[in-house]
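See below for the structure under consideration.
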Amino acid sequence: SPKEMEGIPGSLGLPIVGESFAFLSAFSKPSGIYSFVKERQQRYGKVFKTYTLGRFSVIMTGREASKILLTGKDGMVSLNLFYTGQQVLGPTSLLQTNGEAHKRLRRLIAEPLSVDGLKKYFQFINTLAIETLDQWSGKKVLVLEEASTFTLKVIGNMIMSLEPTGEEQEKFRANFKLISSSFASLPLKIPGTAFYRGIKARDRMYAMLDSIISKRRSGESIQQDFLESLIIKHSQAADEEANEDKLTDKQLKDNILTLLVAGHDTTTAALTWLIKFIEENPAEEHREIQANRNGGSNLTWSEVNNMPYTTKVISETLRRATILPWFSRKAAQDFEIEGYKIVKGWSINLDVVSIHHDPGIFANPEKFDPSRFDAPIKTFSFLGFGSGPRMCPGINLAKLEICIFIHHLVCRYKWRALEKDDSVQPTLVRMPRNKYPIAVEPL
Ligand code: HEM
């Protein structure tokens with residue numbers, strides 16, 4: 001309540017609407033909600049309160065806050081999803097568990113996402129990247145849309161061996177888009193609303209998964225994918241209680257959906273921003289790899305795992321674009337940050353944009369400069385993939401997809417931007433508003 005927050009600097013704005021209009025108008029500016037945050041940081045300091053979109057929140061920044069919020073003792077904070085997101089993802093999603101239960105679930109879910117676990121998807125991703133880029137040759141394309149199609153095909157194939165084209169792929173895509181847009185919608189579950197359509201699409205997605213799971217269990221179909229590895233490991237009756245090392249079918253489905261939702265827009269945005277940034281900074285490393293390849297024309301697994309410069313380009317892209325501009329948590333108990341008392345139940349948000357643009361750590365922060373990552377960066381200063389127990393479990397997959405795609409793009413094509421526009425879409429994941437249109441020519 002406003003009374004409880006009296007000790008925190010800041011303004012709660014007008015009655016009922018609070019500061020929602022200022023927040024929403026900042027959302028679509030080139031710097032995103034950062035302009036809203038920066039203005040208040042200058043007025044109130046590193047920690048301030050606000051009331052936006054029906055939520056009382058505390059927004060904070062800096063390494064100390066990030067250390068406490070991201071690695072705080074088990075159970076001190078939980079993830080703070082919108083109500084609609086909670087309903088769509090289901091109660092056993094990784095995003096809705098905390099402490100020991102979260103740790104256990106992560107261990108079971110994230111194993112197939114290790115570098116070794118991903119090797120078997122390399123050829124599929126490689127071929128898909130080449131085929132996608134073949135379609136770009138001599139054309140004008142919207143990079144964001146292309147990246148979205150590419151990353152969804154990759155994850156659909158990886159998780160359940162979905163073919164990249166055809167009716168099943170179309171259904172999967174249509175359902176996924178509805179689920180995705182229901183995430184931050186109004187919590188009205190009546191026919192016609194985004195939330196209602198999202199819940200229905202989620203049910204259809206689960207029915208699709210149920211049918212695949214039962215075909216796999218009956219031996220009618222066998223594949224070497226993520227779902228198969230989870231089914232083999234967690235083969236138990238659907239109504240059986242989960243034990244320490246097994247997942248129920250419900251947990252399995254909730255978490256497959258969680259990986260799809262958490263991994264799709266983020267990887268799409270990262271690939272798009274990276275192509276935008278390297279237009280001005282071509283990645284020479286790839287031409288060297290190509291030149292050193294004795295006659296062979298195909299990218300190899302060992303080459304893709306040895307791209308140190310591109311790894312720095314990815315980090316610098318995530319710093320500069322800050323795809324997830326703030327991390328949202330809920331206080332699960334009372335604690336103190338930067339001298340301020342935080343009360344159980346409060347929504348606390350870490351402003352990552354200012355951390356990534358701190359001139360004390362990143363000199364000339366607006367400049368795109370991958371060499372910043374030549375030496376290790378101070379802990380809690382770079383949060384492109386987060387940090388601590390909730391650090392992104394999809395990091396290896398995201399890097400693999402990006403390295404493969406960029407390799408073929410840089411080695412075979414040249415491109416130029418068709419518009420000069422730096423504004424961002426008003427969505428939770430920051431993406432270029434104009435979808436980054438480019439004209440592509442073969443080299
Ligand atoms: C370049 C692409 C990606 C970026 C920039 C990214 C970024 C992040 C960040 C910053 C977090 C931590 C958020 C927080 O602490 O509140 C996170 C968590 C997460 N990411 Fe990613 N991610 C990417 C790709 C992926 C992929 C491909 C997957 C799935 C295959 C994935 C699945 C997840 C999940 C499930 C979580 C929540 C982990 C937990 O709560 O324990 N991400 N990601």
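Residue numbering restarts at 1 in every chain; chains get A, B, ... in the order shown in the structure tokens, and ligands count up from 1 in that same order.
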
As JSON, numbers by chain, please: every protein or nucleic acid residue near ligand 1 (cut-off 8 Å, counting only C-alpha atoms and all ligand atoms). {"A": [70, 79, 94, 95, 96, 102, 103, 106, 113, 155, 255, 258, 259, 260, 261, 262, 263, 264, 265, 266, 267, 268, 269, 270, 271, 314, 318, 322, 323, 324, 326, 327, 328, 329, 383, 384, 385, 386, 387, 388, 389, 390, 391, 392, 393, 394, 395, 396, 397, 398, 399]}

Need the shell around region 274-288 of chain A: protein/DNA/RNA residues with any atom at most 9 Å away, counting only C-alpha atoms. Skip same-chain ones fewer than 3 positions apart. Format as a VMD selection string? chain A and resid 143 269 to 271 291 to 293 307 to 310 313 to 314 316 to 318 321 368 to 369 402 406 to 408 410 to 411 414 to 417 436

With only C-alpha atoms as the counted atoms, please give the residues lying no more than 8 Å from Val47 (chain A), apart from itself and same-chain residues fewer than 4 positions off, as an MDAnalysis selection string. chainID A and resid 8:9 41 58:61 338

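Between CA of Ala22 (chain A) and CA of Gly62 (chain A) the interatomic distance comes to 23.0 Å.
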
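In this comparison, which uses only C-alpha atoms, the residue of A:Gln333, A:Gln86, A:Asn434, A:Ser354 approaching Ile33 (chain A) most closely is A:Ser354.
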
Tell me, as a PyMOL selection string, which residues lie within 10 Å of Leu24 (chain A), counting only C-alpha atoms; anything in the same chain fewer than 6 positions away does not count. chain A and resi 32-33+36+52-53+426

Write out the residues from the selection above, keeping N, CA and C atoms, as a compact mmCIF listing (two decimals), in the first residue's frame.
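Ended up saving to out_11.txt:
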```txt
# COMPACT_ATOMS: atom_id res chain seq x y z
N GLY A 32 13.26 3.22 -24.96
CA GLY A 32 12.35 2.34 -24.21
C GLY A 32 12.05 2.90 -22.83
N ILE A 33 11.71 2.02 -21.86
CA ILE A 33 11.32 2.54 -20.55
C ILE A 33 12.49 3.19 -19.81
N PHE A 36 11.95 6.73 -18.85
CA PHE A 36 11.11 6.85 -17.65
C PHE A 36 11.97 6.63 -16.39
N THR A 52 2.42 1.86 -11.54
CA THR A 52 2.11 1.79 -12.97
C THR A 52 1.32 0.52 -13.24
N LEU A 53 0.40 0.62 -14.20
CA LEU A 53 -0.39 -0.53 -14.67
C LEU A 53 -0.96 -1.34 -13.50
N PRO A 426 6.98 -1.45 -28.41
CA PRO A 426 6.54 -1.42 -27.01
C PRO A 426 6.17 -2.82 -26.51
```

DSSP on the backbone, strand (DSSP E or B) only: what residues of region 231-440 of chain A does that give? Format it as JSON, numbers by chain. {"A": [326, 327, 328, 329, 330, 331, 335, 336, 337, 340, 341, 342, 347, 348, 349, 350, 351, 413, 414, 415, 416, 417, 424, 432, 437, 438, 439, 440]}

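Between Tyr34 (chain A) and the residues A:Glu146, A:Lys200, A:Arg433, A:Pro325, the shortest atom-to-atom distance, using only C-alpha atoms, involves A:Pro325.
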
Residue neighbourhood Lys3 (chain A), 12 Å, only C-alpha atoms, exclusion window fewer than 6 positions, as a PyMOL selection string: chain A and resi 12+49+56+343

Tell me, which residues of region 171-404 of chain A carry DSSP helix (DSSP H, G or I), written as a VMD selection string? chain A and resid 171 to 182 194 to 217 226 to 233 249 to 278 284 to 292 301 to 304 308 to 321 352 to 356 370 to 373 388 to 390 395 to 404

Considering only C-alpha atoms, return as a list in words whatever protein or nucleic-acid residues lie within 10 Å of region 439-441 of chain A, sequence-local ones (same chain, fewer than 2 positions apart) excluded.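 That gives Leu133, Gln135, Trp136, Ser137, Gly138, Lys139, Lys140, Val141, Leu142, Val143, Leu409, Arg412, Tyr413, Lys414, Trp415, Arg416, Ala417, Leu418, Pro437 and Leu443 of chain A.
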
Could you please take those selected residues and save C-alpha atoms as an mmCIF file, in the first residue's frame?
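The file below, selection-v4.cif, is the result:
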```
data_model
loop_
_atom_site.group_PDB
_atom_site.id
_atom_site.type_symbol
_atom_site.label_atom_id
_atom_site.label_comp_id
_atom_site.auth_asym_id
_atom_site.auth_seq_id
_atom_site.Cartn_x
_atom_site.Cartn_y
_atom_site.Cartn_z
ATOM 1 C CA LEU A 133 19.589 -17.256 -46.287
ATOM 2 C CA GLN A 135 15.726 -17.150 -49.762
ATOM 3 C CA TRP A 136 17.160 -13.740 -48.826
ATOM 4 C CA SER A 137 19.485 -13.484 -51.816
ATOM 5 C CA GLY A 138 18.689 -10.472 -54.024
ATOM 6 C CA LYS A 139 15.681 -9.523 -51.874
ATOM 7 C CA LYS A 140 14.485 -7.014 -49.320
ATOM 8 C CA VAL A 141 13.672 -8.720 -46.029
ATOM 9 C CA LEU A 142 12.423 -7.803 -42.571
ATOM 10 C CA VAL A 143 15.131 -9.337 -40.397
ATOM 11 C CA LEU A 409 25.358 -14.507 -43.529
ATOM 12 C CA ARG A 412 28.084 -15.350 -48.381
ATOM 13 C CA TYR A 413 26.215 -12.040 -48.422
ATOM 14 C CA LYS A 414 26.448 -8.298 -48.107
ATOM 15 C CA TRP A 415 23.507 -6.238 -46.946
ATOM 16 C CA ARG A 416 22.445 -2.680 -46.226
ATOM 17 C CA ALA A 417 19.828 -1.195 -43.944
ATOM 18 C CA LEU A 418 16.851 0.336 -45.746
ATOM 19 C CA PRO A 437 14.414 -3.973 -43.190
ATOM 20 C CA LEU A 443 29.041 -11.495 -52.244
#
```

With only C-alpha atoms as the counted atoms, please give the residues lying no more than 9 Å from Ile199 (chain A), apart from itself and same-chain residues fewer than 6 positions off, as an NGL selection string. :A and (87-88 or 178-179 or 182 or 189)

Grab the residues selected above and save them as a PDB file, in the first residue's frame with C-alpha atoms.
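Saved the output as selection_23.pdb:
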```pdb
ATOM      1  CA  GLN A  87      -2.245 -18.704 -15.944  1.00  0.00           C
ATOM      2  CA  VAL A  88      -0.962 -19.532 -19.417  1.00  0.00           C
ATOM      3  CA  LEU A 178      -1.457 -16.467 -29.688  1.00  0.00           C
ATOM      4  CA  ILE A 179       0.196 -17.734 -26.503  1.00  0.00           C
ATOM      5  CA  SER A 182      -1.552 -13.237 -24.346  1.00  0.00           C
ATOM      6  CA  LYS A 189     -10.838 -14.455 -19.779  1.00  0.00           C
TER       7      LYS A 189
END
```

Of the listed residues A:Leu400, A:Arg204, A:Gly192, A:Lys330, that which approaches Glu168 (chain A) most closely, counting only C-alpha atoms: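 Among the listed residues, A:Arg204 lies closest to Glu168 (chain A).
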
Interface rows for region 105-192 of chain A against region 209-227 of chain A: nearest pair, Å to one decimal, 10 Å, only C-alpha atoms, as a tab-separated table:
```
residue	atom	partner	partner_atom	distance
A:Ile109	CA	A:Phe226	CA	9.5
A:Glu111	CA	A:Phe226	CA	9.8
A:Pro112	CA	A:Phe226	CA	6.7
A:Leu113	CA	A:Phe226	CA	8.7
A:Gly117	CA	A:Phe226	CA	9.1
A:Leu118	CA	A:Phe226	CA	9.5
A:Lys120	CA	A:Gln224	CA	8.2
A:Tyr121	CA	A:Asp225	CA	8.4
A:Ile155	CA	A:Phe226	CA	9.6
A:Gly156	CA	A:Asp225	CA	9.9
A:Asn157	CA	A:Asp225	CA	7.7
A:Met158	CA	A:Asp225	CA	5.6
A:Ile159	CA	A:Phe226	CA	4.6
A:Met160	CA	A:Leu227	CA	5.7
A:Ser161	CA	A:Asp225	CA	6.2
A:Leu162	CA	A:Asp225	CA	9.8
```

Computed interatomic separation between CA of Phe405 (chain A) and CA of Ile130 (chain A) (Å): 7.8 Å

Computed interatomic separation between CA of Glu163 (chain A) and CA of Met205 (chain A) (Å):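 Separation of CA of Glu163 (chain A) and CA of Met205 (chain A): 15.9 Å.
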
Measuring between only C-alpha atoms, which one of A:Leu350, A:Lys367, A:Asp249, A:Phe362 shows the shortest distance to Lys67 (chain A)?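 Between A:Leu350, A:Lys367, A:Asp249, A:Phe362, the residue approaching Lys67 (chain A) most closely is A:Leu350.
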